[in-house]
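A.B. asks: So that you have it, the file is query.cif, and it contains mmCIF, N, CA and C atoms:
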data_entry
#
loop_
_atom_site.label_atom_id
_atom_site.label_comp_id
_atom_site.auth_asym_id
_atom_site.auth_seq_id
_atom_site.Cartn_x
_atom_site.Cartn_y
_atom_site.Cartn_z
N MET A 892 0.85 -1.17 0.00
CA MET A 892 0.00 0.00 0.00
C MET A 892 0.89 1.23 0.00
N GLY A 893 0.61 2.19 -0.85
CA GLY A 893 1.41 3.39 -0.95
C GLY A 893 1.06 4.40 0.13
N ILE A 894 1.96 5.33 0.35
CA ILE A 894 1.76 6.35 1.38
C ILE A 894 0.62 7.31 1.02
N PHE A 895 0.31 7.45 -0.26
CA PHE A 895 -0.73 8.38 -0.69
C PHE A 895 -2.09 7.71 -0.93
N SER A 896 -2.25 6.45 -0.54
CA SER A 896 -3.50 5.75 -0.81
C SER A 896 -4.61 6.10 0.17
N LEU A 897 -4.26 6.64 1.34
CA LEU A 897 -5.24 7.03 2.36
C LEU A 897 -6.18 5.88 2.72
N GLY A 898 -5.63 4.68 2.77
CA GLY A 898 -6.44 3.52 3.13
C GLY A 898 -7.28 2.97 2.01
N LEU A 899 -7.15 3.51 0.81
CA LEU A 899 -7.97 3.07 -0.32
C LEU A 899 -7.21 2.17 -1.27
N GLY A 900 -6.04 1.69 -0.87
CA GLY A 900 -5.21 0.89 -1.76
C GLY A 900 -5.82 -0.44 -2.13
N GLU A 901 -6.56 -1.04 -1.22
CA GLU A 901 -7.17 -2.34 -1.47
C GLU A 901 -8.65 -2.24 -1.15
N LEU A 902 -9.49 -2.50 -2.13
CA LEU A 902 -10.93 -2.46 -1.91
C LEU A 902 -11.39 -3.80 -1.35
N HIS A 903 -12.22 -3.76 -0.35
CA HIS A 903 -12.70 -4.96 0.31
C HIS A 903 -14.11 -5.26 -0.19
N LEU A 904 -14.18 -5.97 -1.30
CA LEU A 904 -15.45 -6.21 -1.97
C LEU A 904 -15.80 -7.68 -1.97
N ASP A 905 -17.08 -7.96 -2.15
CA ASP A 905 -17.52 -9.33 -2.41
C ASP A 905 -17.18 -9.67 -3.86
N HIS A 906 -16.73 -10.89 -4.10
CA HIS A 906 -16.43 -11.36 -5.46
C HIS A 906 -17.26 -12.60 -5.73
N MET A 907 -17.85 -12.66 -6.93
CA MET A 907 -18.58 -13.84 -7.36
C MET A 907 -18.05 -14.28 -8.72
N LYS A 908 -17.56 -15.51 -8.78
CA LYS A 908 -17.13 -16.10 -10.05
C LYS A 908 -18.18 -17.12 -10.45
N ASN A 909 -18.55 -17.12 -11.73
CA ASN A 909 -19.60 -18.01 -12.21
C ASN A 909 -19.12 -18.84 -13.39
N TYR A 910 -19.46 -20.10 -13.37
CA TYR A 910 -19.25 -21.00 -14.50
C TYR A 910 -20.65 -21.51 -14.86
N GLN A 911 -21.11 -21.19 -16.07
CA GLN A 911 -22.50 -21.43 -16.43
C GLN A 911 -22.64 -22.37 -17.61
N VAL A 912 -23.72 -23.12 -17.60
CA VAL A 912 -24.17 -23.90 -18.76
C VAL A 912 -25.60 -23.46 -19.03
N LEU A 913 -25.78 -22.80 -20.18
CA LEU A 913 -27.08 -22.24 -20.52
C LEU A 913 -27.62 -22.87 -21.80
N PHE A 914 -28.93 -23.00 -21.86
CA PHE A 914 -29.62 -23.46 -23.05
C PHE A 914 -30.68 -22.43 -23.38
N GLY A 915 -30.94 -22.24 -24.68
CA GLY A 915 -31.91 -21.23 -25.04
C GLY A 915 -32.53 -21.46 -26.40
N ARG A 916 -33.43 -20.57 -26.72
CA ARG A 916 -34.09 -20.60 -28.01
C ARG A 916 -34.15 -19.18 -28.55
N ILE A 917 -33.90 -19.04 -29.85
CA ILE A 917 -33.85 -17.72 -30.48
C ILE A 917 -35.17 -17.45 -31.19
N PHE A 918 -35.73 -16.27 -30.94
CA PHE A 918 -36.95 -15.81 -31.59
C PHE A 918 -36.65 -14.51 -32.34
N PRO A 919 -36.87 -14.47 -33.67
CA PRO A 919 -36.66 -13.21 -34.40
C PRO A 919 -37.71 -12.18 -34.00
N LEU A 920 -37.28 -10.94 -33.88
CA LEU A 920 -38.19 -9.84 -33.56
C LEU A 920 -38.31 -8.94 -34.78
N GLY A 921 -39.50 -8.59 -35.15
CA GLY A 921 -39.72 -7.73 -36.31
C GLY A 921 -39.77 -8.51 -37.60
N GLU A 922 -40.07 -7.80 -38.68
CA GLU A 922 -40.21 -8.40 -40.00
C GLU A 922 -38.88 -8.92 -40.55
N SER A 923 -37.82 -8.14 -40.39
CA SER A 923 -36.54 -8.50 -41.00
C SER A 923 -35.81 -9.58 -40.23
N GLY A 924 -36.09 -9.73 -38.95
CA GLY A 924 -35.38 -10.72 -38.15
C GLY A 924 -33.97 -10.31 -37.78
N GLN A 925 -33.61 -9.05 -38.03
CA GLN A 925 -32.26 -8.59 -37.72
C GLN A 925 -32.03 -8.48 -36.22
N ILE A 926 -33.07 -8.20 -35.47
CA ILE A 926 -32.98 -8.17 -34.01
C ILE A 926 -33.67 -9.43 -33.52
N ARG A 927 -33.07 -10.09 -32.55
CA ARG A 927 -33.66 -11.33 -32.07
C ARG A 927 -33.56 -11.43 -30.55
N LEU A 928 -34.44 -12.24 -29.99
CA LEU A 928 -34.48 -12.49 -28.56
C LEU A 928 -34.01 -13.92 -28.32
N ASN A 929 -33.02 -14.08 -27.48
CA ASN A 929 -32.50 -15.39 -27.13
C ASN A 929 -32.90 -15.66 -25.68
N LEU A 930 -33.95 -16.46 -25.49
CA LEU A 930 -34.39 -16.82 -24.14
C LEU A 930 -33.51 -17.95 -23.64
N ALA A 931 -32.63 -17.64 -22.69
CA ALA A 931 -31.66 -18.62 -22.22
C ALA A 931 -31.77 -18.78 -20.71
N GLY A 932 -31.47 -19.96 -20.25
CA GLY A 932 -31.44 -20.27 -18.83
C GLY A 932 -30.66 -21.54 -18.60
N GLY A 933 -30.30 -21.77 -17.36
CA GLY A 933 -29.55 -22.98 -17.04
C GLY A 933 -29.05 -22.97 -15.61
N VAL A 934 -27.96 -23.69 -15.39
CA VAL A 934 -27.38 -23.80 -14.05
C VAL A 934 -25.97 -23.22 -14.06
N GLY A 935 -25.53 -22.83 -12.88
CA GLY A 935 -24.19 -22.29 -12.75
C GLY A 935 -23.54 -22.77 -11.47
N TYR A 936 -22.22 -22.81 -11.48
CA TYR A 936 -21.42 -23.10 -10.29
C TYR A 936 -20.82 -21.76 -9.87
N THR A 937 -21.16 -21.29 -8.67
CA THR A 937 -20.78 -19.97 -8.21
C THR A 937 -19.81 -20.08 -7.04
N VAL A 938 -18.70 -19.35 -7.12
CA VAL A 938 -17.72 -19.27 -6.03
C VAL A 938 -17.80 -17.85 -5.48
N ILE A 939 -18.11 -17.73 -4.18
CA ILE A 939 -18.28 -16.44 -3.53
C ILE A 939 -17.13 -16.22 -2.55
N THR A 940 -16.45 -15.09 -2.66
CA THR A 940 -15.39 -14.70 -1.74
C THR A 940 -15.78 -13.35 -1.16
N GLU A 941 -15.82 -13.27 0.19
CA GLU A 941 -16.24 -12.03 0.82
C GLU A 941 -15.51 -11.80 2.14
N PRO A 942 -15.25 -10.53 2.47
CA PRO A 942 -14.63 -10.22 3.76
C PRO A 942 -15.68 -10.34 4.87
N THR A 943 -15.28 -10.92 6.00
CA THR A 943 -16.17 -11.08 7.16
C THR A 943 -15.38 -10.80 8.43
N ASN A 944 -16.07 -10.79 9.55
CA ASN A 944 -15.45 -10.66 10.87
C ASN A 944 -14.61 -9.38 10.96
N TRP A 945 -15.21 -8.26 10.66
CA TRP A 945 -14.51 -6.97 10.66
C TRP A 945 -14.11 -6.58 12.08
N LYS A 946 -12.85 -6.13 12.27
CA LYS A 946 -12.35 -5.68 13.57
C LYS A 946 -11.62 -4.36 13.36
N PRO A 947 -11.91 -3.34 14.18
CA PRO A 947 -11.20 -2.07 14.03
C PRO A 947 -9.73 -2.20 14.41
N VAL A 948 -8.90 -1.46 13.71
CA VAL A 948 -7.46 -1.42 14.00
C VAL A 948 -7.25 -0.32 15.02
N SER A 949 -6.47 -0.60 16.07
CA SER A 949 -6.26 0.38 17.14
C SER A 949 -5.05 1.27 16.86
N SER A 950 -4.90 1.68 15.64
CA SER A 950 -3.79 2.54 15.24
C SER A 950 -4.32 3.95 15.01
N ASN A 951 -3.49 4.94 15.31
CA ASN A 951 -3.88 6.33 15.08
C ASN A 951 -3.46 6.80 13.69
N SER A 952 -2.91 5.92 12.89
CA SER A 952 -2.44 6.29 11.57
C SER A 952 -3.62 6.44 10.61
N TRP A 953 -3.70 7.54 9.92
CA TRP A 953 -4.76 7.75 8.94
C TRP A 953 -4.32 7.32 7.55
N LEU A 954 -3.09 6.78 7.44
CA LEU A 954 -2.59 6.33 6.14
C LEU A 954 -2.81 4.83 5.91
N GLY A 955 -3.25 4.10 6.91
CA GLY A 955 -3.39 2.66 6.76
C GLY A 955 -4.84 2.22 6.81
N ASP A 956 -5.03 0.91 6.94
CA ASP A 956 -6.37 0.35 7.02
C ASP A 956 -7.01 0.70 8.36
N ASN A 957 -8.31 0.87 8.36
CA ASN A 957 -9.07 1.14 9.57
C ASN A 957 -9.61 -0.14 10.19
N TYR A 958 -9.69 -1.21 9.40
CA TYR A 958 -10.25 -2.47 9.85
C TYR A 958 -9.39 -3.63 9.36
N LYS A 959 -9.42 -4.71 10.14
CA LYS A 959 -8.89 -5.99 9.70
C LYS A 959 -10.09 -6.91 9.51
N TYR A 960 -9.93 -7.94 8.69
CA TYR A 960 -11.05 -8.81 8.39
C TYR A 960 -10.53 -10.18 7.97
N ASP A 961 -11.42 -11.14 8.00
CA ASP A 961 -11.13 -12.48 7.50
C ASP A 961 -11.80 -12.64 6.14
N ILE A 962 -11.28 -13.55 5.34
CA ILE A 962 -11.86 -13.84 4.03
C ILE A 962 -12.61 -15.17 4.12
N GLU A 963 -13.87 -15.15 3.75
CA GLU A 963 -14.68 -16.37 3.71
C GLU A 963 -14.93 -16.72 2.25
N ARG A 964 -14.72 -17.99 1.92
CA ARG A 964 -14.91 -18.45 0.55
C ARG A 964 -15.80 -19.69 0.57
N HIS A 965 -16.85 -19.68 -0.23
CA HIS A 965 -17.72 -20.84 -0.34
C HIS A 965 -18.29 -20.91 -1.75
N SER A 966 -18.82 -22.07 -2.09
CA SER A 966 -19.36 -22.27 -3.44
C SER A 966 -20.77 -22.85 -3.33
N THR A 967 -21.53 -22.64 -4.40
CA THR A 967 -22.91 -23.09 -4.43
C THR A 967 -23.36 -23.28 -5.88
N VAL A 968 -24.49 -23.91 -6.05
CA VAL A 968 -25.10 -24.09 -7.37
C VAL A 968 -26.16 -23.01 -7.54
N SER A 969 -26.23 -22.42 -8.73
CA SER A 969 -27.16 -21.32 -9.00
C SER A 969 -28.08 -21.64 -10.16
N LEU A 970 -29.27 -21.07 -10.11
CA LEU A 970 -30.19 -21.07 -11.24
C LEU A 970 -29.98 -19.76 -11.99
N ILE A 971 -29.75 -19.83 -13.30
CA ILE A 971 -29.45 -18.65 -14.11
C ILE A 971 -30.59 -18.44 -15.11
N ILE A 972 -31.13 -17.23 -15.15
CA ILE A 972 -32.10 -16.83 -16.17
C ILE A 972 -31.48 -15.64 -16.89
N ASN A 973 -31.26 -15.79 -18.20
CA ASN A 973 -30.44 -14.81 -18.93
C ASN A 973 -30.98 -14.57 -20.34
N PRO A 974 -32.12 -13.85 -20.49
CA PRO A 974 -32.59 -13.52 -21.84
C PRO A 974 -31.69 -12.47 -22.47
N ARG A 975 -31.45 -12.58 -23.77
CA ARG A 975 -30.55 -11.66 -24.46
C ARG A 975 -31.23 -11.05 -25.67
N PHE A 976 -31.02 -9.77 -25.86
CA PHE A 976 -31.41 -9.11 -27.10
C PHE A 976 -30.17 -9.04 -27.97
N GLU A 977 -30.23 -9.70 -29.12
CA GLU A 977 -29.06 -9.83 -29.99
C GLU A 977 -29.24 -8.98 -31.24
N PHE A 978 -28.16 -8.30 -31.61
CA PHE A 978 -28.14 -7.43 -32.79
C PHE A 978 -26.99 -7.86 -33.68
N PRO A 979 -27.20 -8.82 -34.61
CA PRO A 979 -26.13 -9.20 -35.53
C PRO A 979 -25.86 -8.05 -36.50
N LEU A 980 -24.65 -7.52 -36.47
CA LEU A 980 -24.29 -6.39 -37.33
C LEU A 980 -23.79 -6.85 -38.69
N ALA A 981 -23.18 -8.01 -38.74
CA ALA A 981 -22.65 -8.59 -39.98
C ALA A 981 -22.80 -10.11 -39.86
N THR A 982 -22.23 -10.84 -40.80
CA THR A 982 -22.37 -12.30 -40.75
C THR A 982 -21.59 -12.91 -39.59
N ALA A 983 -20.56 -12.22 -39.07
CA ALA A 983 -19.71 -12.83 -38.06
C ALA A 983 -19.55 -12.00 -36.79
N ILE A 984 -20.19 -10.86 -36.66
CA ILE A 984 -20.04 -10.04 -35.46
C ILE A 984 -21.35 -9.36 -35.12
N GLY A 985 -21.58 -9.17 -33.84
CA GLY A 985 -22.79 -8.50 -33.38
C GLY A 985 -22.64 -8.08 -31.93
N ILE A 986 -23.66 -7.41 -31.41
CA ILE A 986 -23.66 -7.03 -30.01
C ILE A 986 -24.90 -7.60 -29.33
N THR A 987 -24.83 -7.73 -28.03
CA THR A 987 -25.94 -8.26 -27.27
C THR A 987 -26.10 -7.46 -25.98
N LEU A 988 -27.34 -7.23 -25.59
CA LEU A 988 -27.69 -6.55 -24.35
C LEU A 988 -28.60 -7.49 -23.57
N TYR A 989 -28.38 -7.57 -22.24
CA TYR A 989 -29.15 -8.57 -21.50
C TYR A 989 -29.28 -8.24 -20.02
N PRO A 990 -30.43 -8.61 -19.44
CA PRO A 990 -30.55 -8.67 -17.99
C PRO A 990 -30.16 -10.08 -17.55
N MET A 991 -29.76 -10.22 -16.28
CA MET A 991 -29.43 -11.55 -15.77
C MET A 991 -29.97 -11.68 -14.35
N LEU A 992 -30.56 -12.83 -14.08
CA LEU A 992 -31.04 -13.16 -12.75
C LEU A 992 -30.34 -14.44 -12.32
N GLN A 993 -29.68 -14.38 -11.17
CA GLN A 993 -28.95 -15.53 -10.63
C GLN A 993 -29.47 -15.78 -9.22
N ILE A 994 -29.98 -16.98 -8.99
CA ILE A 994 -30.58 -17.32 -7.70
C ILE A 994 -29.83 -18.52 -7.13
N ASN A 995 -29.37 -18.39 -5.88
CA ASN A 995 -28.78 -19.53 -5.17
C ASN A 995 -29.16 -19.45 -3.70
N LYS A 996 -28.70 -20.39 -2.90
CA LYS A 996 -29.12 -20.47 -1.50
C LYS A 996 -28.58 -19.32 -0.66
N ASP A 997 -27.53 -18.64 -1.12
CA ASP A 997 -26.92 -17.57 -0.34
C ASP A 997 -27.46 -16.19 -0.68
N ARG A 998 -27.75 -15.95 -1.96
CA ARG A 998 -28.17 -14.61 -2.38
C ARG A 998 -28.79 -14.66 -3.76
N THR A 999 -29.42 -13.55 -4.11
CA THR A 999 -29.98 -13.36 -5.44
C THR A 999 -29.28 -12.18 -6.08
N PHE A 1000 -28.84 -12.35 -7.32
CA PHE A 1000 -28.13 -11.30 -8.04
C PHE A 1000 -28.94 -10.92 -9.27
N ILE A 1001 -29.13 -9.62 -9.46
CA ILE A 1001 -29.79 -9.09 -10.66
C ILE A 1001 -28.83 -8.10 -11.30
N GLY A 1002 -28.61 -8.24 -12.60
CA GLY A 1002 -27.67 -7.34 -13.26
C GLY A 1002 -28.02 -7.10 -14.71
N LEU A 1003 -27.33 -6.15 -15.30
CA LEU A 1003 -27.45 -5.83 -16.72
C LEU A 1003 -26.08 -6.02 -17.35
N GLY A 1004 -26.07 -6.46 -18.61
CA GLY A 1004 -24.80 -6.68 -19.27
C GLY A 1004 -24.85 -6.36 -20.75
N ALA A 1005 -23.67 -6.31 -21.32
CA ALA A 1005 -23.51 -6.09 -22.76
C ALA A 1005 -22.37 -6.98 -23.21
N GLY A 1006 -22.43 -7.43 -24.45
CA GLY A 1006 -21.38 -8.32 -24.95
C GLY A 1006 -21.22 -8.23 -26.44
N ILE A 1007 -20.18 -8.88 -26.91
CA ILE A 1007 -19.88 -8.97 -28.33
C ILE A 1007 -20.09 -10.41 -28.77
N MET A 1008 -20.78 -10.61 -29.88
CA MET A 1008 -21.00 -11.94 -30.44
C MET A 1008 -20.05 -12.13 -31.61
N LEU A 1009 -19.36 -13.26 -31.62
CA LEU A 1009 -18.46 -13.61 -32.72
C LEU A 1009 -18.82 -14.99 -33.22
N GLY A 1010 -18.74 -15.20 -34.52
CA GLY A 1010 -19.07 -16.50 -35.11
C GLY A 1010 -20.07 -16.33 -36.24
N ARG A 1011 -20.60 -17.43 -36.72
CA ARG A 1011 -21.60 -17.36 -37.80
C ARG A 1011 -22.94 -16.97 -37.19
N LEU A 1012 -23.34 -15.73 -37.39
CA LEU A 1012 -24.54 -15.20 -36.78
C LEU A 1012 -25.74 -15.19 -37.70
N ARG A 1013 -25.50 -15.05 -38.99
CA ARG A 1013 -26.60 -15.05 -39.96
C ARG A 1013 -26.04 -15.41 -41.32
N LYS A 1014 -26.94 -15.80 -42.21
CA LYS A 1014 -26.53 -16.15 -43.56
C LYS A 1014 -26.11 -14.91 -44.32
N LYS A 1015 -25.23 -15.10 -45.30
CA LYS A 1015 -24.82 -13.98 -46.14
C LYS A 1015 -25.99 -13.52 -46.98
N THR A 1016 -26.10 -12.22 -47.17
CA THR A 1016 -27.16 -11.64 -47.99
C THR A 1016 -26.66 -11.46 -49.40
N ASP A 1017 -27.46 -11.87 -50.36
CA ASP A 1017 -27.10 -11.71 -51.76
C ASP A 1017 -27.40 -10.28 -52.18
N LEU A 1018 -26.35 -9.51 -52.49
CA LEU A 1018 -26.51 -8.11 -52.87
C LEU A 1018 -26.21 -7.88 -54.34
N SER A 1019 -26.34 -8.90 -55.17
CA SER A 1019 -26.09 -8.72 -56.59
C SER A 1019 -27.19 -7.84 -57.19
N PRO A 1020 -26.90 -7.14 -58.31
CA PRO A 1020 -27.92 -6.26 -58.92
C PRO A 1020 -29.19 -7.00 -59.30
N GLU A 1021 -29.08 -8.27 -59.70
CA GLU A 1021 -30.27 -9.02 -60.10
C GLU A 1021 -31.18 -9.28 -58.90
N SER A 1022 -30.60 -9.52 -57.74
CA SER A 1022 -31.43 -9.85 -56.58
C SER A 1022 -32.07 -8.62 -55.96
N THR A 1023 -31.50 -7.44 -56.21
CA THR A 1023 -32.07 -6.22 -55.63
C THR A 1023 -32.94 -5.46 -56.60
N SER A 1024 -33.16 -6.00 -57.78
CA SER A 1024 -33.97 -5.32 -58.79
C SER A 1024 -35.43 -5.31 -58.38
N LEU A 1025 -36.12 -4.24 -58.72
CA LEU A 1025 -37.54 -4.13 -58.42
C LEU A 1025 -38.40 -4.80 -59.48
N ILE A 1026 -37.80 -5.17 -60.61
CA ILE A 1026 -38.53 -5.83 -61.68
C ILE A 1026 -38.55 -7.32 -61.39
N SER A 1027 -39.73 -7.92 -61.40
CA SER A 1027 -39.80 -9.36 -61.17
C SER A 1027 -39.43 -10.08 -62.45
N HIS A 1028 -38.55 -11.04 -62.33
CA HIS A 1028 -38.05 -11.78 -63.48
C HIS A 1028 -39.07 -12.83 -63.93
N GLY A 1029 -39.12 -13.06 -65.23
CA GLY A 1029 -40.01 -14.08 -65.77
C GLY A 1029 -41.40 -13.54 -66.09
N GLN A 1030 -41.65 -12.27 -65.87
CA GLN A 1030 -42.95 -11.69 -66.19
C GLN A 1030 -42.73 -10.46 -67.05
N ASP A 1031 -43.68 -10.19 -67.91
CA ASP A 1031 -43.59 -8.99 -68.74
C ASP A 1031 -44.01 -7.78 -67.91
N PRO A 1032 -43.30 -6.66 -68.10
CA PRO A 1032 -43.68 -5.44 -67.35
C PRO A 1032 -44.96 -4.83 -67.85
#
Written as structure tokens, that's how I'd like the structure from this file.

C.D. replies:
Amino acid sequence: MGIFSLGLGELHLDHMKNYQVLFGRIFPLGESGQIRLNLAGGVGYTVITEPTNWKPVSSNSWLGDNYKYDIERHSTVSLIINPRFEFPLATAIGITLYPMLQINKDRTFIGLGAGIMLGRLRKKTDLSPESTSLISHGQDP
């Protein structure tokens, strides 16, 4: 810890690590199907690390920590509900916005997220002049 940190050098936060297996189904939204809803859910293995047993430090120094604490670590199984709004921008890249609900025996977590999608997201669109013509082929105008 540096002399200028004023006790803020190390943040004492709860940490949750998640390993998830999700299954879902994609529903196109709108006429073009460019925006889609991926209703996903599944199970997760969650590891929770949190500071506990806080004790004040009997030091008069304002440059150090004010409290000492113990670290508690435990794991649990979680139910994950994670619907996603997907926006494929091209055939291989897109963005996704999503709420997430995670329920386990210790706590419930609700959050919002954003992500990048990579891979085959949609079929290539034929942009040749013949396919974009307003004249229907095989019929007389």

A.B. asks: Give me, please, the distance in Å between CA of Ile1007 in chain A and CA of Phe976 in chain A, quoted to one decimal.

C.D. replies: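 Interatomic distance here is 11.6 Å.
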
A.B. asks: With the file shown as input, list the residues that the PyMOL selection byres ((chain A and resi 962) around 8) selects, as a list of chain:residue names.

C.D. replies: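 Selected by the PyMOL selection byres ((chain A and resi 962) around 8) here: A:Thr940, A:Glu941, A:Pro942, A:Thr943, A:Asn944, A:Lys959, A:Tyr960, A:Asp961, A:Glu963, A:Arg964, A:His965.
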
A.B. asks: Please evaluate the PyMOL selection byres ((chain A and resi 911) around 6) against the structure above and give the resulting residues as a VMD selection string.

C.D. replies: chain A and resid 909 to 910 912 to 913 934 to 936

A.B. asks: For N, CA and C atoms, I'd like the residues from the last selection saved as an mmCIF file, in the coordinates of the input.

C.D. replies:
data_model
loop_
_atom_site.group_PDB
_atom_site.id
_atom_site.type_symbol
_atom_site.label_atom_id
_atom_site.label_comp_id
_atom_site.auth_asym_id
_atom_site.auth_seq_id
_atom_site.Cartn_x
_atom_site.Cartn_y
_atom_site.Cartn_z
ATOM 1 N N ASN A 909 -18.550 -17.120 -11.730
ATOM 2 C CA ASN A 909 -19.600 -18.010 -12.210
ATOM 3 C C ASN A 909 -19.120 -18.840 -13.390
ATOM 4 N N TYR A 910 -19.460 -20.100 -13.370
ATOM 5 C CA TYR A 910 -19.250 -21.000 -14.500
ATOM 6 C C TYR A 910 -20.650 -21.510 -14.860
ATOM 7 N N VAL A 912 -23.720 -23.120 -17.600
ATOM 8 C CA VAL A 912 -24.170 -23.900 -18.760
ATOM 9 C C VAL A 912 -25.600 -23.460 -19.030
ATOM 10 N N LEU A 913 -25.780 -22.800 -20.180
ATOM 11 C CA LEU A 913 -27.080 -22.240 -20.520
ATOM 12 C C LEU A 913 -27.620 -22.870 -21.800
ATOM 13 N N VAL A 934 -27.960 -23.690 -15.390
ATOM 14 C CA VAL A 934 -27.380 -23.800 -14.050
ATOM 15 C C VAL A 934 -25.970 -23.220 -14.060
ATOM 16 N N GLY A 935 -25.530 -22.830 -12.880
ATOM 17 C CA GLY A 935 -24.190 -22.290 -12.750
ATOM 18 C C GLY A 935 -23.540 -22.770 -11.470
ATOM 19 N N TYR A 936 -22.220 -22.810 -11.480
ATOM 20 C CA TYR A 936 -21.420 -23.100 -10.290
ATOM 21 C C TYR A 936 -20.820 -21.760 -9.870
#

A.B. asks: Written as a ChimeraX atom specification, what is the full residue list that the PyMOL selection byres ((chain A and resi 966) around 6) yields on the file shown?

C.D. replies: /A:937-939,964-965,967-968

A.B. asks: One number please: atom C of Phe1000 in chain A to atom N of Ile972 in chain A, in Å, one decimal.

C.D. replies: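 Atom-to-atom, atom C of Phe1000 in chain A and atom N of Ile972 in chain A are spaced 8.9 Å apart.
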
A.B. asks: Figure out the distance between atom N of Ala1005 in chain A and CA of Met907 in chain A, please, to one decimal in Å.

C.D. replies: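 That distance, rounded to one decimal, is 16.7 Å.
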
A.B. asks: Step by step: start from the point (-28.7, -11.1, -9.5) in the file's coordinates, keep every protein, DNA or RNA residue that has an atom no farther than 6 Å from it, count all atoms listed in the file, and write the set as a list in words.

C.D. replies: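 Looking at atoms near the point gives Met991, Leu992, Gln993, Thr999, Phe1000, Ile1001 and Gly1002 of chain A.
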
A.B. asks: Taking all atoms listed in the file into account, name the residue in A:Ser969, A:Leu904, A:Tyr958, A:Glu977 that is nearest to Leu928 in chain A.

C.D. replies: A:Glu977

A.B. asks: Select, from A:Leu970, A:Asn995, A:Glu922, A:Met1008, the residue with the minimum atom-to-atom distance to Ala983 in chain A, counting only C-alpha atoms.

C.D. replies: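 For Ala983 in chain A, the nearest of the given residues is A:Met1008.
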
A.B. asks: Between A:Gly915, A:Pro990, A:Pro979, A:Gly985, which residue has the minimum interatomic distance to Gly932 in chain A, considering only C-alpha atoms?

C.D. replies: A:Gly915

A.B. asks: From the options A:Pro919, A:Asp997, A:Pro947, A:Thr987, which residue's atoms come nearest to Arg975 in chain A, counting all atoms listed in the file?

C.D. replies: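 Of A:Pro919, A:Asp997, A:Pro947, A:Thr987, the one nearest Arg975 in chain A is A:Thr987, counting all atoms listed in the file.
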
A.B. asks: From the DSSP assignment of the backbone, select every residue of range 900-1022 of chain A that is strand (DSSP E), and format the answer as a PyMOL selection string.

C.D. replies: chain A and resi 906-920+926-947+958-972+975-979+984-994+999-1009

A.B. asks: Padding 8 Å on each side, edges along x, y and z: where is the centre of the box around the listed atoms of range 906-917 of chain A, and how long are its edges in Å to one decimal? Output it as JSON.

C.D. replies:
{"center_x": -25.8, "center_y": -17.4, "center_z": -17.6, "size_x": 34.7, "size_y": 29.0, "size_z": 43.1}
